[in-house]
Amino acid sequence: MEIILYDEGTAKELDIEEIARYLAQKMGEVKIEVRGNPFVFNLSHDKVSDYARKIAGAKIQEVSQKILSGQEPLYGEIEYEKRRILGKTKSFGILYDGFHLQRVFCEIISREERSIEFVHIFFTNRLFATWDDSDRRYHLRTSVYGIPSIISTTGLVEAPAKPREYYLLKQQYERFGKDLTKLKDGFKGRFIDYEDERLAGVIKGYAMQAVFYFLTGAPFCEDKGCRLYNAHWQEELIFAQLESGYEFCPWHTKFLMKELSW
């Protein structure tokens with residue numbers, strides 16, 4: 001088993017090397033490799049154009065309209081993604097289909113490494129969502145697990161819901177043209193925000209979710225104090241990742257110790 005980490009453009013607060021050290025501490029003798037930019041070995045003109053077209057094709061136009069596989073993006077959208085791949089611009093304000101994006105990232109991985117021997121984790125600041133057939137709309141996600149697993153630093157901020165009172169007050173602030181910065185100050189500490197120094201600590205738990213997906217096929221835990229808890233609210237996320245007093249529930253702790261004894 002080998003864990004490979006990629007930095008596909010993340011928040012400056014996230015140190016991939018720190019995540020690698022954490023995983024090495026938890027996983028014992030498992031090899032951890034940091035590769036950085038996943039596109040760095042695939043920057044020929046044809047490859048860049050192909051990836052750019054496919055990523056642009058994963059863009060969600062309307063949250064109530066499921067995108068079709070192979071949809072043809074506009075020229076400007078492709079050119080934007082080319083600049084993004086080459087590091088000439090940053091992704092902002094664009095929403096992608098998480099599973100479509102996952103398929104593109106999978107193509108970057110060599111065929112030899114698309115196996116159960118490798119855990120690929122892509123960290124990105126791209127915001128993505130997945131389609132829910134029950135209400136026929138997209139929902140923001142923090143992560144998508146598989147080959148590869150994708151974890152979004154932007155998703156950590158935007159996907160889990162903030163406290164209910166925040167949204168009620170936000171409507172009032174917007175109605176009267178008040179400064180939303182002051183609103184956020186009133187809820188300081190109750191949700192993860194941009195440029196939040198707690199981001200690195202939180203992301204470690206999501207990296208372990210990706211590892212447990214590989215080990216068991218189930219990345220989540222029902223224990224609200226376990227780092228594998230699938231938090232839907234920011235306060236749940238902060239408790240599970242930073243405040244519960246323990247990292248993993250008894251079952252996952254025992255399972256991890258058994259894995260390390262191999």
# chains A, B, ... in the order shown; residues from 1 in each chain; ligands from 1
$ select_by_dssp --residues "range 33-73 of chain A" --states "strand (DSSP E)" --output "PyMOL selection string"
chain A and resi 33-36
$ write_last_selection --atoms "N, CA and C atoms" --output "mmCIF file, in the first residue's frame"
data_model
loop_
_atom_site.group_PDB
_atom_site.id
_atom_site.type_symbol
_atom_site.label_atom_id
_atom_site.label_comp_id
_atom_site.auth_asym_id
_atom_site.auth_seq_id
_atom_site.Cartn_x
_atom_site.Cartn_y
_atom_site.Cartn_z
ATOM 1 N N GLU A 33 3.950 9.509 -0.378
ATOM 2 C CA GLU A 33 4.661 10.305 -1.386
ATOM 3 C C GLU A 33 3.868 11.575 -1.693
ATOM 4 N N VAL A 34 4.570 12.709 -1.727
ATOM 5 C CA VAL A 34 3.952 13.978 -2.102
ATOM 6 C C VAL A 34 4.404 14.329 -3.513
ATOM 7 N N ARG A 35 3.444 14.437 -4.432
ATOM 8 C CA ARG A 35 3.775 14.719 -5.825
ATOM 9 C C ARG A 35 3.462 16.150 -6.249
ATOM 10 N N GLY A 36 2.736 16.876 -5.429
ATOM 11 C CA GLY A 36 2.439 18.257 -5.793
ATOM 12 C C GLY A 36 1.456 18.342 -6.946
#
$ closest_atom_pairs --of "range 8-44 of chain A" --to "range 103-111 of chain A" --cutoff "12 Å" --atoms "only C-alpha atoms" --output "Markdown table"
| residue | atom | partner | partner_atom | distance |
| --- | --- | --- | --- | --- |
| A:Glu8 | CA | A:Phe105 | CA | 9.8 |
| A:Arg35 | CA | A:Ile109 | CA | 11.4 |
| A:Asn37 | CA | A:Ile108 | CA | 10.8 |
| A:Pro38 | CA | A:Ile108 | CA | 7.0 |
| A:Phe39 | CA | A:Ile108 | CA | 7.2 |
| A:Val40 | CA | A:Ile108 | CA | 10.0 |
| A:Phe41 | CA | A:Ile108 | CA | 8.9 |
| A:Asn42 | CA | A:Ile108 | CA | 7.6 |
| A:Leu43 | CA | A:Ile108 | CA | 10.9 |
$ closest_residue --among "A:Arg53, A:Arg141, A:Lys178, A:Arg198" --to "Pro73 in chain A" --atoms "only C-alpha atoms"
A:Arg53
$ residues_around --residues "Arg190 in chain A" --least-positions-apart "3" --cutoff "10 Å" --atoms "only C-alpha atoms" --output "list in words"
Lys162, Pro163, Tyr166, Lys184, Asp185, Gly186, Phe187, Asp193, Gln234, Glu235, Glu236, Leu237, Ile238 and Phe239 of chain A
$ closest_residue --among "A:Ile121, A:Leu199, A:Ala218, A:Ala161" --to "His139 in chain A" --atoms "only C-alpha atoms"
A:Ala161
$ select_by_dssp --residues "range 17-261 of chain A" --states "helix (DSSP H, G or I)" --output "PyMOL selection string"
chain A and resi 17-27+45-56+75-85+98-108+111-113+153-158+164-175+180-186+199-216+234-243+250-260
$ atom_distance --atom1 "CA of Phe212 in chain A" --atom2 "CA of Arg227 in chain A"
10.9 Å
$ atom_distance --atom1 "CA of His120 in chain A" --atom2 "CA of Ala159 in chain A"
22.2 Å
$ closest_atom_pairs --of "range 185-249 of chain A" --to "range 12-27 of chain A" --cutoff "7 Å" --atoms "only C-alpha atoms" --output "JSON lines"
{"residue": "A:Glu195", "atom": "CA", "partner": "A:Glu13", "partner_atom": "CA", "distance": 6.4}
{"residue": "A:Glu197", "atom": "CA", "partner": "A:Glu13", "partner_atom": "CA", "distance": 6.4}
{"residue": "A:Leu199", "atom": "CA", "partner": "A:Glu13", "partner_atom": "CA", "distance": 6.7}
{"residue": "A:Ala200", "atom": "CA", "partner": "A:Leu14", "partner_atom": "CA", "distance": 5.2}
{"residue": "A:Lys204", "atom": "CA", "partner": "A:Ile19", "partner_atom": "CA", "distance": 6.1}
$ write_last_selection --atoms "N, CA and C atoms" --output "tab-separated table (two decimals), in the first residue's frame"
chain	number	residue	atom	x	y	z
A	195	GLU	N	-8.88	31.41	4.82
A	195	GLU	CA	-7.69	31.85	5.56
A	195	GLU	C	-7.78	31.48	7.04
A	197	GLU	N	-6.79	29.32	10.18
A	197	GLU	CA	-5.61	28.57	10.59
A	197	GLU	C	-5.96	27.14	11.04
A	199	LEU	N	-7.70	25.09	9.26
A	199	LEU	CA	-7.95	24.29	8.06
A	199	LEU	C	-7.06	23.05	7.99
A	200	ALA	N	-5.78	23.23	8.27
A	200	ALA	CA	-4.84	22.10	8.17
A	200	ALA	C	-5.21	20.98	9.13
A	204	LYS	N	-6.77	16.91	7.92
A	204	LYS	CA	-6.15	15.64	8.28
A	204	LYS	C	-7.20	14.54	8.44
